[in-house]
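What follows is a short report on a single structure.
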Amino acid sequence: MKLYYSPGACSLASHVALFASGVKFEVEQVDTKAKKTKSGKDYTKINAKGYVPCLETNEGQILTEGAAILQYIADQAPEKKLLPKNGTWERYKAQEWLNFIATEIHKSYSPLWSKDLPEATKKAAHERLTNRLEWVNGQIKPGQFLMGSQFSVCDAYMWTVLNWSRAVKFDLTKWPNLMGYVEKVSTTPAVQSALKAEGLTK
Ligand SMILES: N[C@@H](CCC(=O)N[C@@H](CS)C(=O)NCC(=O)O)C(=O)O
């Protein structure tokens, strides 16, 4: 399978999940502004939405939306337990996390990257993110992942978005559980491999 990605973007979560799954995969970088892939293809012909991530399966099918891609990857390697089994209560709880991260966290960071948005819009996003992360900090148990002792694709996604904090000057230091969590996920081999593959290690 093949992941279309942009370095450090939300597609990094899928890249981490691919490394964690141990499945064979390839990647191709996308310039999301120019809508061109590294090899010069028109990216909108692959994914008409024009954004990353996008996964091409071994059967040549196209899957978009990070939360769906992460579940697909986890299901390719059930033995790695990157998500609980389909149909179980725990799987629904994992889906609850993925949806929350996509809609409440990921999309609250997005305005903070913008140079053009009015300050009032950015302030509202900042306040929403503060409120949501205050809640997440209360959910995280020291030394644990989101779903407990087992690393899951929810962690790949949560870590990816929290990792944007320094770049957008969003301070996490008032939340010790969150800081410890970011540190714990950062040291996992899959995260280290994905950072290296995207040229993001110092
Ligand atoms: N709803 C999509 C959003 C993906 C998204 O926001 N991708 C950003 C990078 S983090 C992107 O490619 N932006 C470029 C663009 O929209 O043209 C998902 O959850 O996967």
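By order of appearance in the structure tokens: chains A, B, ..., then residues from 1 within every chain, and ligands from 1 in the order shown.
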- range 135-148 of chain A: which residues within 10 Å, counting only C-alpha atoms, same-chain residues fewer than 4 positions away excluded, as a PyMOL selection string? chain A and resi 82-84+90-91+93-94+97+105+129-131+152-155+158+172+174-185
Go ahead and save the residues from that selection, with N, CA and C atoms, as a compact mmCIF listing (two decimals), in the first residue's frame.
# COMPACT_ATOMS: atom_id res chain seq x y z
N LEU A 82 -3.23 -2.67 17.32
CA LEU A 82 -3.20 -1.20 17.22
C LEU A 82 -4.59 -0.61 17.41
N LEU A 83 -5.61 -1.47 17.43
CA LEU A 83 -6.98 -1.10 17.80
C LEU A 83 -7.67 -2.35 18.35
N PRO A 84 -8.65 -2.18 19.24
CA PRO A 84 -9.43 -3.34 19.68
C PRO A 84 -10.22 -3.92 18.49
N GLU A 90 -14.70 -1.71 23.25
CA GLU A 90 -13.41 -0.99 23.25
C GLU A 90 -13.15 -0.35 21.89
N ARG A 91 -13.61 -1.03 20.80
CA ARG A 91 -13.41 -0.44 19.47
C ARG A 91 -14.22 0.85 19.35
N LYS A 93 -14.92 2.80 21.75
CA LYS A 93 -14.23 3.83 22.56
C LYS A 93 -13.03 4.38 21.78
N ALA A 94 -12.36 3.52 21.02
CA ALA A 94 -11.24 3.98 20.20
C ALA A 94 -11.76 4.92 19.10
N TRP A 97 -12.32 8.27 20.45
CA TRP A 97 -11.08 9.05 20.50
C TRP A 97 -10.71 9.61 19.12
N ILE A 105 -9.64 18.41 18.23
CA ILE A 105 -8.24 18.79 18.48
C ILE A 105 -7.57 19.22 17.17
N LEU A 129 -9.22 24.89 22.04
CA LEU A 129 -8.17 23.89 22.21
C LEU A 129 -7.79 23.77 23.69
N THR A 130 -7.69 24.91 24.38
CA THR A 130 -7.36 24.90 25.81
C THR A 130 -8.40 24.09 26.58
N ASN A 131 -9.65 24.33 26.27
CA ASN A 131 -10.74 23.65 26.93
C ASN A 131 -10.70 22.13 26.67
N SER A 152 -1.93 2.47 20.59
CA SER A 152 -2.92 2.30 19.52
C SER A 152 -2.76 3.42 18.49
N VAL A 153 -3.48 3.29 17.37
CA VAL A 153 -3.42 4.35 16.36
C VAL A 153 -4.00 5.66 16.88
N CYS A 154 -4.80 5.58 17.95
CA CYS A 154 -5.29 6.83 18.58
C CYS A 154 -4.11 7.64 19.11
N ASP A 155 -3.10 6.94 19.63
CA ASP A 155 -1.90 7.64 20.13
C ASP A 155 -1.11 8.24 18.98
N MET A 158 -3.14 11.41 18.21
CA MET A 158 -3.07 12.42 19.27
C MET A 158 -1.66 13.02 19.35
N LEU A 172 1.92 23.70 26.34
CA LEU A 172 1.34 22.50 26.97
C LEU A 172 1.84 22.31 28.40
N LYS A 174 1.46 23.50 31.21
CA LYS A 174 0.60 23.52 32.41
C LYS A 174 -0.13 22.19 32.62
N TRP A 175 0.05 21.25 31.68
CA TRP A 175 -0.62 19.95 31.79
C TRP A 175 0.42 18.83 31.91
N PRO A 176 0.78 18.46 33.13
CA PRO A 176 1.85 17.46 33.32
C PRO A 176 1.53 16.10 32.71
N ASN A 177 0.27 15.66 32.78
CA ASN A 177 -0.07 14.34 32.20
C ASN A 177 0.14 14.35 30.70
N LEU A 178 -0.26 15.47 30.09
CA LEU A 178 -0.13 15.62 28.63
C LEU A 178 1.35 15.67 28.23
N MET A 179 2.15 16.40 29.01
CA MET A 179 3.58 16.51 28.71
C MET A 179 4.25 15.13 28.80
N GLY A 180 3.90 14.39 29.86
CA GLY A 180 4.47 13.04 30.04
C GLY A 180 4.03 12.11 28.92
N TYR A 181 2.79 12.27 28.48
CA TYR A 181 2.23 11.44 27.41
C TYR A 181 2.97 11.70 26.09
N VAL A 182 3.16 12.98 25.77
CA VAL A 182 3.86 13.34 24.52
C VAL A 182 5.27 12.73 24.54
N GLU A 183 5.93 12.83 25.69
CA GLU A 183 7.28 12.29 25.83
C GLU A 183 7.27 10.76 25.64
N LYS A 184 6.28 10.10 26.26
CA LYS A 184 6.20 8.63 26.17
C LYS A 184 5.98 8.18 24.72
N VAL A 185 5.03 8.82 24.03
CA VAL A 185 4.72 8.40 22.65
C VAL A 185 5.90 8.74 21.73
Each residue of chain A with at least one atom at most 8 Å from ligand 1 should appear once, together with its nearest atom pair and the corresponding distance in Å (one decimal); atoms considered: only C-alpha atoms and all ligand atoms; ordering: chain, then increasing residue number; output as a Markdown table.
| residue | atom | partner | partner_atom_place_in_ligand_line | distance |
| --- | --- | --- | --- | --- |
| A:Ser6 | CA | ligand 1 | 12 (O) | 7.2 |
| A:Ala9 | CA | ligand 1 | 10 (S) | 4.3 |
| A:Cys10 | CA | ligand 1 | 10 (S) | 4.0 |
| A:Ser11 | CA | ligand 1 | 10 (S) | 6.5 |
| A:Thr32 | CA | ligand 1 | 14 (C) | 5.0 |
| A:Lys33 | CA | ligand 1 | 17 (O) | 6.0 |
| A:Lys35 | CA | ligand 1 | 17 (O) | 7.7 |
| A:Lys49 | CA | ligand 1 | 16 (O) | 7.8 |
| A:Gly50 | CA | ligand 1 | 17 (O) | 5.6 |
| A:Tyr51 | CA | ligand 1 | 12 (O) | 3.4 |
| A:Val52 | CA | ligand 1 | 12 (O) | 4.0 |
| A:Pro53 | CA | ligand 1 | 20 (O) | 5.7 |
| A:Cys54 | CA | ligand 1 | 20 (O) | 7.9 |
| A:Thr64 | CA | ligand 1 | 20 (O) | 6.3 |
| A:Glu65 | CA | ligand 1 | 20 (O) | 3.4 |
| A:Gly66 | CA | ligand 1 | 20 (O) | 3.8 |
| A:Ala67 | CA | ligand 1 | 19 (O) | 6.2 |
| A:Ala102 | CA | ligand 1 | 19 (O) | 5.6 |
| A:Thr103 | CA | ligand 1 | 19 (O) | 7.8 |
| A:His106 | CA | ligand 1 | 6 (O) | 7.6 |
| A:Lys107 | CA | ligand 1 | 6 (O) | 7.2 |
| A:Ser110 | CA | ligand 1 | 6 (O) | 7.4 |
Requested write-out: C-alpha atoms of the selected residues, as an mmCIF file, in the first residue's frame:
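Result file is selection.cif:
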data_model
loop_
_atom_site.group_PDB
_atom_site.id
_atom_site.type_symbol
_atom_site.label_atom_id
_atom_site.label_comp_id
_atom_site.auth_asym_id
_atom_site.auth_seq_id
_atom_site.Cartn_x
_atom_site.Cartn_y
_atom_site.Cartn_z
ATOM 1 C CA SER A 6 3.303 15.896 3.642
ATOM 2 C CA ALA A 9 1.227 17.167 8.646
ATOM 3 C CA CYS A 10 -1.619 15.053 10.058
ATOM 4 C CA SER A 11 -0.517 12.328 7.616
ATOM 5 C CA THR A 32 -0.446 20.264 -0.915
ATOM 6 C CA LYS A 33 -0.224 23.867 -2.160
ATOM 7 C CA LYS A 35 -1.302 19.726 -5.586
ATOM 8 C CA LYS A 49 -9.989 16.493 -1.984
ATOM 9 C CA GLY A 50 -6.409 17.677 -2.524
ATOM 10 C CA TYR A 51 -5.279 17.157 1.058
ATOM 11 C CA VAL A 52 -3.295 14.512 2.918
ATOM 12 C CA PRO A 53 -3.417 11.782 4.151
ATOM 13 C CA CYS A 54 -4.482 9.490 1.341
ATOM 14 C CA THR A 64 -9.003 9.315 2.573
ATOM 15 C CA GLU A 65 -9.685 10.822 6.028
ATOM 16 C CA GLY A 66 -7.092 10.115 8.693
ATOM 17 C CA ALA A 67 -9.474 8.435 11.147
ATOM 18 C CA ALA A 102 -10.110 14.769 14.254
ATOM 19 C CA THR A 103 -12.899 17.224 14.985
ATOM 20 C CA HIS A 106 -6.848 18.583 14.931
ATOM 21 C CA LYS A 107 -9.276 21.174 13.579
ATOM 22 C CA SER A 110 -5.568 24.333 12.087
#
- Message: Here is a test: counting only C-alpha atoms, which residue of A:Lys41, A:Thr201, A:Val168, A:Tyr5 is nearest to Ser114 in chain A?
- Response: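 Among the listed residues, the smallest separation from Ser114 in chain A belongs to A:Val168.
Between CA of Leu12 in chain A and CA of Ala190 in chain A there is a distance of 10.7 Å.
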- Item | Exercise: His126 in chain A partners within 9 Å, only C-alpha atoms, chain neighbours under 3 positions left out, as a VMD selection string | chain A and resid 108 to 109 111 to 112 121 to 123 129 to 131 170
All strand (DSSP E or B) residues (DSSP, backbone) inside range 40-98 of chain A, as a short mmCIF file (atom, residue, chain, number, x, y, z; two decimals) with N, CA and C atoms, in the first residue's frame:
data_model
loop_
_atom_site.label_atom_id
_atom_site.label_comp_id
_atom_site.auth_asym_id
_atom_site.auth_seq_id
_atom_site.Cartn_x
_atom_site.Cartn_y
_atom_site.Cartn_z
N ASP A 42 -0.36 14.91 -10.87
CA ASP A 42 -1.43 15.81 -10.39
C ASP A 42 -2.13 15.09 -9.23
N CYS A 54 -3.72 10.30 2.29
CA CYS A 54 -4.48 9.49 1.34
C CYS A 54 -3.75 8.16 1.24
N LEU A 55 -4.50 7.08 1.28
CA LEU A 55 -3.89 5.76 1.21
C LEU A 55 -4.39 5.03 -0.02
N GLU A 56 -3.43 4.48 -0.77
CA GLU A 56 -3.80 3.61 -1.90
C GLU A 56 -3.56 2.19 -1.43
N ILE A 62 -8.67 3.82 -3.18
CA ILE A 62 -8.22 5.05 -2.52
C ILE A 62 -9.05 5.29 -1.27
N LEU A 63 -8.35 5.49 -0.16
CA LEU A 63 -9.03 5.80 1.12
C LEU A 63 -8.49 7.13 1.63
N THR A 64 -9.41 8.03 2.00
CA THR A 64 -9.00 9.31 2.57
C THR A 64 -9.62 9.44 3.97
#
- Message: Quick check, in Å to one decimal: how far apart do CA of Gly8 in chain A and CA of Lys169 in chain A lie?
- Response: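 Separating CA of Gly8 in chain A from CA of Lys169 in chain A is a distance of 15.8 Å.
For the pair CA of Thr188 in chain A and CA of Ala74 in chain A, the separation is 16.4 Å.
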- Of the residues A:Asn47, A:Ser186, A:Gln71, A:Ser14, which is the one nearest to Tyr157 in chain A, using only C-alpha atoms? A:Ser14
As a PDB file with C-alpha atoms, in the first residue's frame, please: the residues near Gln29 in chain A (cut-off 8 Å, only C-alpha atoms, same-chain neighbours under 2 positions excluded).
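What ended up in part-v3.pdb:
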ATOM      1  CA  TYR A   4       0.560  10.103   0.284  1.00  0.00           C
ATOM      2  CA  TYR A   5       1.896  12.490   2.913  1.00  0.00           C
ATOM      3  CA  SER A   6       3.303  15.896   3.642  1.00  0.00           C
ATOM      4  CA  PRO A   7       6.144  16.099   6.209  1.00  0.00           C
ATOM      5  CA  VAL A  27       5.173   6.595   0.579  1.00  0.00           C
ATOM      6  CA  ASP A  31       3.048  19.409  -2.173  1.00  0.00           C
ATOM      7  CA  THR A  37       3.268  14.608  -5.909  1.00  0.00           C
ATOM      8  CA  LYS A  38       7.050  14.375  -5.636  1.00  0.00           C
TER       9      LYS A  38
END
